[in-house]
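Undergrad: This is model-v7.txt (compact mmCIF, C-alpha atoms).
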# COMPACT_ATOMS: atom_id res chain seq x y z
CA MET A 1 12.85 -91.22 -112.25
CA MET A 2 12.30 -87.72 -110.85
CA ALA A 3 15.11 -86.34 -113.03
CA ILE A 4 13.56 -87.92 -116.13
CA LEU A 5 10.13 -86.45 -115.37
CA ILE A 6 11.54 -82.98 -114.73
CA ALA A 7 13.58 -83.15 -117.93
CA PHE A 8 10.44 -84.14 -119.86
CA VAL A 9 8.47 -81.20 -118.46
CA ILE A 10 11.26 -78.72 -119.17
CA THR A 11 11.56 -80.03 -122.72
CA ALA A 12 7.82 -79.60 -123.28
CA PHE A 13 8.04 -76.09 -121.84
CA CYS A 14 10.86 -75.18 -124.22
CA ASN A 15 8.97 -76.62 -127.19
CA HIS A 16 6.04 -74.32 -126.40
CA LEU A 17 8.37 -71.36 -126.12
CA SER A 18 10.01 -72.13 -129.46
CA ALA A 19 6.62 -71.89 -131.18
CA THR A 20 6.55 -68.12 -130.75
CA ALA A 21 8.96 -65.21 -130.68
CA PHE A 22 6.87 -62.80 -128.60
CA SER A 23 8.69 -60.75 -125.98
CA LEU A 24 6.23 -58.66 -123.99
CA PRO A 25 6.61 -55.96 -121.36
CA LEU A 26 5.18 -56.30 -117.90
CA SER A 27 2.10 -54.29 -117.08
CA ARG A 28 1.35 -50.99 -115.44
CA GLN A 29 0.07 -51.14 -111.89
CA SER A 30 -3.02 -49.62 -110.28
CA ASN A 31 -3.87 -48.59 -106.74
CA THR A 32 -5.58 -51.11 -104.46
CA LEU A 33 -9.17 -50.63 -103.30
CA ILE A 34 -9.72 -52.71 -100.19
CA HIS A 35 -13.12 -54.19 -99.43
CA PRO A 36 -13.98 -52.80 -95.97
CA ALA A 37 -15.02 -56.16 -94.50
CA ILE A 38 -11.67 -57.90 -94.96
CA THR A 39 -8.03 -57.32 -94.00
CA SER A 40 -5.53 -57.06 -96.90
CA VAL A 41 -2.47 -59.22 -97.55
CA THR A 42 0.25 -58.06 -99.94
CA SER A 43 3.77 -59.33 -100.60
CA ALA A 44 6.63 -58.86 -103.02
CA GLU A 45 9.20 -61.12 -104.60
CA PRO A 46 10.01 -60.97 -108.33
CA ARG A 47 9.69 -63.93 -110.67
CA ALA A 48 9.61 -64.17 -114.44
CA SER A 49 6.06 -64.69 -115.72
CA THR A 50 5.24 -67.64 -117.95
CA THR A 51 2.59 -65.65 -119.83
CA LEU A 52 3.19 -64.83 -123.48
CA PHE A 53 0.60 -62.14 -124.10
CA ASN A 54 -0.90 -58.88 -122.90
CA GLY A 55 -3.14 -56.15 -124.21
CA ASN A 56 -0.51 -54.92 -126.68
CA ASN A 57 -1.02 -57.93 -128.98
CA SER A 58 -3.27 -57.68 -132.03
CA ASN A 59 -6.69 -59.35 -131.92
CA ASN A 60 -5.54 -61.88 -134.53
CA ASP A 61 -2.83 -63.11 -132.15
CA VAL A 62 -4.86 -63.31 -128.95
CA ASN A 63 -6.54 -66.69 -129.42
CA LEU A 64 -3.27 -68.40 -130.35
CA LEU A 65 -1.46 -66.73 -127.49
CA GLN A 66 -4.16 -67.71 -125.00
CA GLN A 67 -3.88 -71.34 -126.10
CA ILE A 68 -0.10 -71.22 -125.73
CA ASN A 69 -0.39 -69.60 -122.32
CA ASN A 70 -2.84 -72.26 -121.10
CA ALA A 71 -0.46 -74.98 -122.31
CA LEU A 72 2.41 -73.30 -120.48
CA ASP A 73 0.29 -73.05 -117.33
CA THR A 74 -0.33 -76.80 -117.43
CA THR A 75 3.38 -77.49 -117.98
CA TYR A 76 4.35 -75.09 -115.19
CA ALA A 77 1.83 -76.63 -112.79
CA THR A 78 3.18 -80.11 -113.53
CA LEU A 79 6.72 -78.96 -112.86
CA ILE A 80 5.58 -77.30 -109.62
CA ASP A 81 4.01 -80.58 -108.47
CA LEU A 82 7.21 -82.50 -109.24
CA LEU A 83 9.47 -80.01 -107.48
CA PHE A 84 7.23 -79.63 -104.42
CA TYR A 85 6.93 -83.38 -104.02
CA GLY A 86 10.70 -83.44 -103.83
CA LYS A 87 10.57 -81.00 -100.90
CA LEU A 88 8.04 -82.97 -98.87
CA PRO A 89 9.26 -84.62 -95.69
CA SER A 90 9.83 -88.33 -96.07
CA PRO A 91 7.94 -89.98 -94.62
CA LEU A 92 5.02 -87.59 -94.37
CA PRO A 93 3.63 -86.88 -90.89
CA SER A 94 1.25 -89.56 -89.68
CA GLY A 95 -2.20 -89.37 -91.25
CA MET A 96 -1.14 -87.21 -94.24
CA ARG A 97 -1.28 -88.04 -97.95
CA ARG A 98 0.13 -86.30 -101.00
CA VAL A 99 -2.25 -84.57 -103.41
CA PRO A 100 -1.87 -82.69 -106.70
CA THR A 101 -1.28 -79.08 -105.75
CA GLN A 102 -4.28 -77.29 -104.25
CA PHE A 103 -4.47 -73.58 -103.51
CA ILE A 104 -5.58 -71.75 -100.36
CA ALA A 105 -6.64 -68.09 -100.61
CA ALA A 106 -5.62 -66.66 -97.23
CA LEU A 107 -5.95 -63.39 -95.32
CA GLY A 108 -3.89 -62.13 -92.40
CA ASN A 109 -0.75 -60.23 -91.49
CA PRO A 110 1.79 -61.93 -93.77
CA THR A 111 5.05 -61.14 -92.00
CA SER A 112 4.48 -61.29 -88.27
CA ILE A 113 2.08 -64.10 -87.44
CA SER A 114 2.17 -67.87 -87.45
CA SER A 115 -1.27 -68.29 -85.84
CA ASP A 116 -4.48 -66.29 -85.62
CA ALA A 117 -8.25 -66.45 -86.00
CA GLY A 118 -10.04 -65.71 -89.25
CA ALA A 119 -9.63 -68.90 -91.32
CA GLU A 120 -13.40 -68.85 -91.88
CA GLN A 121 -12.58 -66.12 -94.42
CA TRP A 122 -10.13 -68.39 -96.27
CA GLY A 123 -11.05 -70.35 -99.38
CA ILE A 124 -9.51 -73.29 -101.23
CA TRP A 125 -9.28 -74.30 -104.87
CA ARG A 126 -8.84 -78.06 -105.12
CA VAL A 127 -7.95 -77.80 -108.81
CA ASP A 128 -5.92 -75.05 -110.48
CA PRO A 129 -8.47 -72.34 -111.35
CA GLY A 130 -6.21 -70.51 -113.80
CA PRO A 131 -6.53 -72.77 -116.87
CA ARG A 132 -10.28 -73.06 -116.14
CA GLY A 133 -10.63 -69.29 -116.21
CA VAL A 134 -11.97 -66.86 -118.80
CA TYR A 135 -9.92 -63.87 -119.92
CA VAL A 136 -11.02 -60.33 -119.11
CA GLN A 137 -10.79 -59.58 -122.83
CA ASP A 138 -13.44 -62.23 -123.55
CA PHE A 139 -15.86 -60.30 -121.32
CA GLN A 140 -14.95 -57.11 -123.18
CA ARG A 141 -15.58 -58.73 -126.58
CA ASN A 142 -18.85 -60.36 -125.52
CA PRO A 143 -20.93 -57.97 -123.35
CA SER A 144 -23.54 -60.68 -122.69
CA LEU A 145 -20.98 -63.03 -121.12
CA GLY A 146 -21.93 -63.63 -117.50
CA LYS A 147 -25.34 -61.99 -117.88
CA ASN A 148 -28.94 -62.97 -118.64
CA GLY A 149 -28.60 -66.70 -118.14
CA ASN A 150 -25.15 -66.75 -119.72
CA SER A 151 -23.30 -67.22 -116.43
CA LYS A 152 -21.96 -70.76 -116.91
CA MET A 153 -18.41 -70.74 -118.24
CA LYS A 154 -16.97 -73.39 -120.58
CA ALA A 155 -15.27 -75.22 -117.69
CA GLY A 156 -18.68 -75.60 -116.00
CA TRP A 157 -18.41 -73.07 -113.17
CA GLU A 158 -20.87 -70.23 -112.55
CA PHE A 159 -19.82 -66.59 -112.82
CA ASP A 160 -21.16 -64.20 -110.15
CA PRO A 161 -21.08 -60.52 -111.27
CA ASN A 162 -21.35 -59.38 -107.66
CA ASP A 163 -18.39 -61.42 -106.38
CA PHE A 164 -15.75 -62.39 -108.92
CA TRP A 165 -12.05 -63.30 -108.86
CA ILE A 166 -9.23 -62.36 -111.24
CA GLU A 167 -5.66 -63.68 -111.30
CA GLU A 168 -2.37 -62.22 -112.49
CA PHE A 169 -2.75 -63.17 -116.16
CA GLY A 170 -6.12 -61.45 -116.49
CA ARG A 171 -8.24 -64.58 -116.18
CA VAL A 172 -11.53 -64.51 -114.30
CA MET A 173 -11.58 -67.54 -112.00
CA GLU A 174 -14.22 -69.61 -110.33
CA LYS A 175 -14.67 -68.89 -106.63
CA PRO A 176 -12.75 -71.03 -104.17
CA ASP A 177 -14.70 -73.18 -101.74
CA PHE A 178 -15.45 -71.31 -98.49
CA PRO A 179 -14.46 -71.85 -95.80
CA VAL A 180 -11.36 -74.03 -95.67
CA SER A 181 -12.38 -77.28 -93.99
CA PRO A 182 -10.96 -77.96 -90.51
CA GLY A 183 -7.92 -80.21 -90.60
CA ARG A 184 -4.22 -80.33 -91.36
CA TYR A 185 -2.61 -79.20 -94.62
CA MET A 186 1.02 -79.37 -95.75
CA VAL A 187 1.62 -75.92 -97.24
CA THR A 188 4.47 -74.15 -98.98
CA GLY A 189 5.31 -71.00 -100.85
CA GLY A 190 7.84 -72.83 -102.98
CA ARG A 191 10.78 -71.22 -101.20
CA LYS A 192 12.35 -72.36 -97.93
CA VAL A 193 9.43 -73.39 -95.73
CA THR A 194 7.16 -76.41 -96.16
CA THR A 195 5.15 -76.98 -93.00
CA LEU A 196 1.88 -78.09 -91.44
CA LEU A 197 -1.08 -75.72 -91.32
CA THR A 198 -3.80 -76.64 -88.84
CA VAL A 199 -7.28 -75.14 -89.25
CA ASP A 200 -9.57 -75.58 -86.23
CA PRO A 201 -13.33 -76.18 -86.34
CA PRO A 202 -15.51 -73.07 -85.91
CA ASP A 203 -15.99 -71.83 -82.36
CA GLY A 204 -19.29 -70.61 -80.93
CA ARG A 205 -19.06 -67.39 -82.96
CA GLY A 206 -18.14 -69.17 -86.20
CA ARG A 207 -14.50 -68.11 -85.99
CA GLN A 208 -11.83 -70.59 -87.12
CA ALA A 209 -8.34 -70.43 -85.63
CA TRP A 210 -5.31 -71.47 -87.65
CA ARG A 211 -1.63 -72.07 -86.87
CA LEU A 212 1.56 -72.98 -88.66
CA GLU A 213 4.04 -75.46 -87.24
CA GLU A 214 6.92 -73.40 -88.66
CA GLY A 215 7.39 -69.93 -90.14
CA THR A 216 4.90 -67.14 -90.83
CA LEU A 217 2.11 -66.70 -93.35
CA TYR A 218 4.58 -64.87 -95.57
CA ASP A 219 6.93 -67.87 -95.55
CA VAL A 220 4.28 -70.15 -97.05
CA THR A 221 2.81 -67.62 -99.50
CA HIS A 222 3.56 -68.30 -103.17
CA LEU A 223 4.55 -64.75 -103.94
CA PRO A 224 4.29 -64.75 -107.76
CA CYS A 225 0.62 -65.82 -107.68
CA ARG A 226 -1.61 -62.76 -107.61
CA SER A 227 -5.29 -63.14 -106.81
CA ALA A 228 -8.02 -60.68 -105.92
CA ARG A 229 -11.72 -60.70 -105.22
CA TYR A 230 -13.89 -57.91 -106.66
CA PHE A 231 -17.17 -56.56 -105.27
CA PRO A 232 -19.26 -53.91 -107.08
CA LYS A 233 -19.51 -50.77 -105.01
CA PRO A 234 -22.87 -50.01 -103.34
CA GLY A 235 -25.42 -49.16 -105.99
CA GLN A 236 -23.33 -50.83 -108.71
CA GLU A 237 -24.47 -54.40 -108.03
CA GLY A 238 -25.28 -56.22 -111.27
CA LYS A 239 -23.90 -53.32 -113.30
CA ARG A 240 -20.18 -54.20 -113.20
CA SER A 241 -18.17 -57.05 -114.65
CA PRO A 242 -14.58 -57.99 -115.54
CA ALA A 243 -15.18 -56.07 -118.80
CA ASP A 244 -14.59 -52.94 -116.70
CA ALA A 245 -10.96 -53.98 -116.09
CA ASN A 246 -8.14 -52.51 -118.17
CA TRP A 247 -6.69 -55.31 -120.30
CA ASN A 248 -3.37 -53.45 -120.49
CA ASP A 249 -2.93 -53.94 -116.72
CA PHE A 250 -2.18 -57.64 -117.35
CA PRO A 251 -0.06 -59.60 -116.74
CA VAL A 252 0.47 -58.27 -113.23
CA ARG A 253 4.08 -57.88 -112.14
CA PRO A 254 5.02 -60.58 -109.60
CA GLY A 255 4.62 -59.24 -106.07
CA ALA A 256 2.43 -56.29 -107.10
CA ASP A 257 -1.15 -55.63 -106.07
CA MET A 258 -3.87 -56.67 -108.46
CA PRO A 259 -5.26 -53.79 -110.57
CA SER A 260 -8.50 -52.03 -109.80
CA VAL A 261 -11.70 -52.64 -111.74
CA LYS A 262 -13.95 -49.66 -112.42
CA GLY A 263 -16.87 -49.45 -110.01
CA CYS A 264 -15.57 -52.24 -107.75
CA ASP A 265 -13.87 -52.62 -104.40
CA LYS A 266 -11.04 -55.14 -104.28
CA GLN A 267 -9.46 -57.56 -101.81
CA ASP A 268 -6.06 -59.10 -102.48
CA TYR A 269 -5.45 -62.63 -101.16
CA ALA A 270 -2.26 -64.50 -100.39
CA VAL A 271 -1.98 -67.87 -102.16
CA LEU A 272 -0.65 -70.92 -100.30
CA PHE A 273 0.20 -74.12 -102.18
CA VAL A 274 -1.19 -77.27 -100.55
CA VAL A 275 0.82 -80.41 -101.36
CA ALA A 276 -0.54 -82.87 -98.76
CA VAL A 277 -3.75 -83.21 -96.75
CA GLU A 278 -5.14 -85.45 -94.02
CA LYS A 279 -6.23 -88.92 -95.09
In structure tokens, how does this file's structure come out?

TA:
Amino acid sequence: MMAILIAFVITAFCNHLSATAFSLPLSRQSNTLIHPAITSVTSAEPRASTTLFNGNNSNNDVNLLQQINNALDTTYATLIDLLFYGKLPSPLPSGMRRVPTQFIAALGNPTSISSDAGAEQWGIWRVDPGPRGVYVQDFQRNPSLGKNGNSKMKAGWEFDPNDFWIEEFGRVMEKPDFPVSPGRYMVTGGRKVTTLLTVDPPDGRGRQAWRLEEGTLYDVTHLPCRSARYFPKPGQEGKRSPADANWNDFPVRPGADMPSVKGCDKQDYAVLFVVAVEK
């Protein structure tokens, strides 16, 4: 049954690819501006991008290409779920249940630690925020987007011009839920390690400890996913938006830092895939 499902997803993926003959270069990279309140996480491992567009396409092509890219994202996410489920321990640890892939935005030293404090600064998306996002170019075309009572996006989430998120394909995403709830999560980076992450309740100072049963934060980071949080610099609050990004910086090369946005500080986050949670 698993082989049939995977074959179906791959076939759908190929059908989408056959609908277009675009072959696009990867983007230029920009320097990182780190928000002073948070510690940065960066990592590098190449992967081919599923995106089929960037700023070099004509305006007439963009809407079609965005629709194709969203369809490919859905197909890719389905395939990820199928493949990750195949990597889960059988049976699952006591008290755990499988879930469609969720996404933790994490901070910490990626290569040397398997436990630390600071999980109160981590967030979680319980649904894939990418397909629910709005492209940077849409903000550039519509200057009123996200302003003057126009902050609700089509997917129903609210845009905050003073704290916004962008992912590797140039889509502005809804914020994750902060903080990650205490409990156990089965996490993976889609490579060698799938393990339990435990997040403790807040201590007296509001700090939340976390620990991995196996490996380091790097081992459970999904390296191709790029995600960053943008804060207008002091004095620029309410004056900056994703329209200040350079559309030609997208898609971001796998493993690279997210590009800067004019007038904003930036914090890159590691992305952990969650494939099972506590019942």

Undergrad: My list of candidates is A:Leu197, A:Ala270, A:Val99, A:Ala209. Which is closest to Leu223 (chain A) when distances are computed with only C-alpha atoms?

TA: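 The shortest atom-to-atom distance to Leu223 (chain A) comes from A:Ala270.
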
Undergrad: I'd like to know which of A:Lys152, A:Lys266, A:Lys192, A:Arg98 is closest to Lys233 (chain A), using only C-alpha atoms.

TA: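 Closest to Lys233 (chain A) of all the choices is A:Lys266.
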
Undergrad: Hey, could you pull the box centre and edge lengths for region 183-196 of chain A, axis-aligned, 6 Å padding per side, all listed atoms, to one decimal in Å, as lines of an AutoDock Vina configuration file?

TA:
center_x = 2.2
center_y = -75.7
center_z = -96.8
size_x = 32.3
size_y = 21.3
size_z = 24.4

Undergrad: Quick one: of A:Thr216, A:Thr111, A:Ser144, A:Thr101, who's nearest to Ala243 (chain A), counting all atoms listed in the file?

TA: A:Ser144

Undergrad: Quote the spacing between CA of Trp125 (chain A) and CA of Gly255 (chain A) in Å to one decimal place.

TA: 20.5 Å

Undergrad: How many Å separate CA of Val252 (chain A) from CA of Ser151 (chain A)?

TA: 25.6 Å

Undergrad: May I have the residues within 6 Å of Trp210 (chain A) as a PDB file with C-alpha atoms, in the frame of the given file, using all atoms listed in the file and disregarding those fewer than 3 positions away in the same chain?

TA:
ATOM      1  CA  SER A 115      -1.270 -68.290 -85.840  1.00  0.00           C
ATOM      2  CA  ASP A 116      -4.480 -66.290 -85.620  1.00  0.00           C
ATOM      3  CA  THR A 198      -3.800 -76.640 -88.840  1.00  0.00           C
ATOM      4  CA  VAL A 199      -7.280 -75.140 -89.250  1.00  0.00           C
TER       5      VAL A 199
END

Undergrad: So what do you get for CA of Arg132 (chain A) versus CA of Ile104 (chain A), distance-wise?

TA: 16.5 Å

Undergrad: If you count all atoms listed in the file, which residues fall within 10 Å of Met173 (chain A), apart from same-chain ones fewer than 6 positions away, as number ranges by chain?

TA: A: 128-135, 153, 157-159, 164-167, 227-229

Undergrad: At most 10 Å from (-15.0, -58.4, -122.6), file frame, only C-alpha atoms: which residues, as a ChimeraX atom specification?

TA: /A:134-145,241-245,247

Undergrad: Determine the nearest neighbour of Pro161 (chain A) from the options A:Gly123, A:Gly238, A:Pro254, A:Pro93, counting all atoms listed in the file.

TA: A:Gly238

Undergrad: Of the residues A:Gly215, A:Pro234, A:Pro202, A:Pro251, which is the one nearest to Pro179 (chain A), using all atoms listed in the file?

TA: A:Pro202
